[in-house]
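Here's the structure, in structure tokens; my notes come after.
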Amino acid sequence: MPLDHETFRRRLEERRYFADEGLLTAVRLAIALGRPLLLEGEPGVGKTQVSYVLADALERELVRVQCYEGIDVSQVLYEWDHLKQLLHLRSAEVEHTAVGNLYADEFLLERPLLHALRSQAGAVLLIDEIDRADSEFEAFLLEFLDRFQITIPEVGTVAATVPPLVVLTSNRTRELHDALKRRCLYHWIPFPEPARERAIVEAQAPGLSTTAAERLVRSVNVIRSLGPLKRPGIAESIAWAQGSLALAGEGAEWSEALRASLGLVLKNEEDGALVAAHASEVFPDD
């Protein structure tokens, strides 16, 4: 493997990403074996952020594909610049010169997947929220993920000189096909244990005391245990810490700041009512 376990951990932590042992191993195996990495987990646990941190740590370009319902292959692969081809044809007619190859590289509009394949230094390719895309798009990815190549009818097969490190994320809004899963190394990212979540929060909210971070993380875990409609992820913990810290900086007591900024961690009325009904559990120090 290119980096030993502890060196790799340190590189991520220097970039304020605190991965657990399972994720560290999964990422290192994906790099060593050249396999796509499929990450699933609750929203807000850092699935997308992995790619940004890896690109920086490995000194590679980050290429991102944001999936959505109805995404079209041409939007992420390539398109031909038909206007440029037409202008070239007209110019050849006027100047009485040979038309040449209308499917030369100069007429090719490179989209993210093709760009990642052609990267000479190797890229980190993030295919974000693949579960939001249609099954047809997922099926299209199979050749790409299997051999890191694509077929352009007018050109032929384009294969990666340096295979990209591919990270796919899914929130499990639908089940992915087995054919896709077989091509990937799979890892589920759980909510972090309190000590690691506290380290994450402290790193992302400079100036936050250890005691304040402990109280916030404890409150977040109590909220998760209440079974809300939307369990807060690490992203919400960080936002809550930053918002509460801002209010505390204006003179508010920490418990008051936490209560006042609950909108950063709760995302609907029902969960607000749930927390209000269990306020003594969520804020036991009040």
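If you're wondering about the labels, chains in the structure tokens are A, B, ... by order shown, residues count from 1 in each chain, ligands from 1 in order shown.
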Extract the full set of strand (DSSP E or B) residues from segment 59-250 of chain A according to DSSP on the backbone, and format it as a ChimeraX atom specification. /A:61-66,78-80,108-110,123-128,149-152,156-159,165-170,185-189
I'd like the contact shell of segment 272-277 of chain A - 12 Å cut-off, only C-alpha atoms, skipping same-chain residues fewer than 6 positions apart - returned as a list in words. Ser219, Val220, Asn221, Val222, Ile223, Arg224, Ser225, Leu226, Gly227, Pro228, Leu229, Lys230, Arg231, Arg259, Ala260, Ser261, Leu262, Gly263, Leu264, Val265, Leu266 and Phe283 of chain A
Neighbour list for segment 198-207 of chain A as a PDB file with N, CA and C atoms, in the first residue's frame, cut-off 7 Å, only C-alpha atoms, skip fewer than 5 positions in-chain:
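The resulting file, result39.pdb, is reproduced below:
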```
ATOM      1  N   ARG A  16      -8.421  17.591   9.304  1.00  0.00           N
ATOM      2  CA  ARG A  16      -9.591  17.638  10.197  1.00  0.00           C
ATOM      3  C   ARG A  16     -10.651  16.618   9.808  1.00  0.00           C
ATOM      4  N   PHE A  18     -11.551  12.758  10.876  1.00  0.00           N
ATOM      5  CA  PHE A  18     -11.212  11.737  11.873  1.00  0.00           C
ATOM      6  C   PHE A  18     -11.934  10.438  11.525  1.00  0.00           C
ATOM      7  N   ALA A 213     -17.842  20.916  24.309  1.00  0.00           N
ATOM      8  CA  ALA A 213     -17.944  19.896  23.257  1.00  0.00           C
ATOM      9  C   ALA A 213     -18.570  18.622  23.810  1.00  0.00           C
ATOM     10  N   GLU A 214     -18.188  18.235  25.017  1.00  0.00           N
ATOM     11  CA  GLU A 214     -18.753  17.038  25.645  1.00  0.00           C
ATOM     12  C   GLU A 214     -20.259  17.186  25.852  1.00  0.00           C
ATOM     13  N   VAL A 217     -22.052  17.010  22.345  1.00  0.00           N
ATOM     14  CA  VAL A 217     -22.070  15.655  21.785  1.00  0.00           C
ATOM     15  C   VAL A 217     -23.025  14.764  22.570  1.00  0.00           C
ATOM     16  N   SER A 237     -23.948  18.297  14.014  1.00  0.00           N
ATOM     17  CA  SER A 237     -23.204  18.521  15.259  1.00  0.00           C
ATOM     18  C   SER A 237     -22.224  19.677  15.098  1.00  0.00           C
ATOM     19  N   ILE A 238     -21.525  19.683  13.960  1.00  0.00           N
ATOM     20  CA  ILE A 238     -20.555  20.750  13.699  1.00  0.00           C
ATOM     21  C   ILE A 238     -21.262  22.099  13.584  1.00  0.00           C
ATOM     22  N   ALA A 241     -22.373  23.286  16.969  1.00  0.00           N
ATOM     23  CA  ALA A 241     -21.237  23.785  17.750  1.00  0.00           C
ATOM     24  C   ALA A 241     -20.825  25.175  17.283  1.00  0.00           C
ATOM     25  N   GLN A 242     -20.737  25.368  15.977  1.00  0.00           N
ATOM     26  CA  GLN A 242     -20.314  26.668  15.450  1.00  0.00           C
ATOM     27  C   GLN A 242     -21.341  27.756  15.774  1.00  0.00           C
TER      28      GLN A 242
END
```
Contact residues around Leu86 of chain A with only C-alpha atoms at 12 Å, ignoring same-chain residues under 6 positions, as a compact mmCIF listing (two decimals) with C-alpha atoms, in the first residue's frame:
```
# COMPACT_ATOMS: atom_id res chain seq x y z
CA TRP A 80 -19.81 16.68 -29.42
CA ALA A 92 -14.18 24.31 -45.32
CA GLU A 93 -16.87 24.97 -47.95
CA VAL A 99 -13.26 18.90 -44.11
CA LEU A 102 -15.22 16.07 -37.54
CA TYR A 103 -14.70 13.82 -34.54
CA PHE A 107 -14.71 18.98 -31.18
```
Taking only C-alpha atoms into account, produce a table as a tab-separated table in which each residue of segment 144-178 of chain A with an atom at most 7 Å from an atom of segment 112-119 of chain A appears once, together with its shortest atom pair and the distance in Å to one decimal, ordered by chain and rising number.
```
residue	atom	partner	partner_atom	distance
A:Ala159	CA	A:Leu117	CA	6.6
A:Ala160	CA	A:Leu117	CA	4.6
A:Thr161	CA	A:Arg118	CA	6.8
A:Pro163	CA	A:Leu117	CA	6.7
A:Pro164	CA	A:Ala116	CA	6.3
```
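Neighbours of Ala123 of chain A closer than or equal to 7 Å, with only C-alpha atoms counted and sequence neighbours fewer than 6 positions away skipped, come out as Arg60, Glu61, Leu62, Val63, Ala116, Pro164 and Leu165 of chain A.
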Give me the residues within 7 Å of Ala257 of chain A as an MDAnalysis selection string, counting only C-alpha atoms and dropping any in the same chain fewer than 6 places off. chainID A and resid 244 247:248
For the residues in the current selection, export N, CA, C and O atoms as a PDB file, in the first residue's frame.
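Listing of again.pdb after writing:
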```
ATOM      1  N   SER A 244     -23.651  27.731  18.239  1.00  0.00           N
ATOM      2  CA  SER A 244     -23.692  27.958  19.685  1.00  0.00           C
ATOM      3  C   SER A 244     -22.478  28.757  20.140  1.00  0.00           C
ATOM      4  O   SER A 244     -22.570  29.627  21.014  1.00  0.00           O
ATOM      5  N   LEU A 247     -23.056  32.413  19.425  1.00  0.00           N
ATOM      6  CA  LEU A 247     -23.955  33.038  20.396  1.00  0.00           C
ATOM      7  C   LEU A 247     -23.278  33.204  21.754  1.00  0.00           C
ATOM      8  O   LEU A 247     -23.462  34.220  22.431  1.00  0.00           O
ATOM      9  N   ALA A 248     -22.490  32.215  22.141  1.00  0.00           N
ATOM     10  CA  ALA A 248     -21.763  32.305  23.404  1.00  0.00           C
ATOM     11  C   ALA A 248     -20.761  33.456  23.369  1.00  0.00           C
ATOM     12  O   ALA A 248     -20.521  34.125  24.377  1.00  0.00           O
TER      13      ALA A 248
END
```
At a cut-off of 8 Å, using only C-alpha atoms, what residues contact segment 171-184 of chain A? Leave out same-chain residues fewer than 2 positions from it and give the result as a PyMOL selection string. chain A and resi 35-38+40-43+129+131-132+138-139+141-142+145-146+169+186
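With distances restricted to only C-alpha atoms, A:Tyr68 is the closest residue to Ser135 of chain A from A:Tyr17, A:Tyr68, A:Tyr78, A:Phe191.
For the pair atom CA of Leu29 of chain A and atom CA of Arg111 of chain A, the interatomic distance is 27.7 Å.
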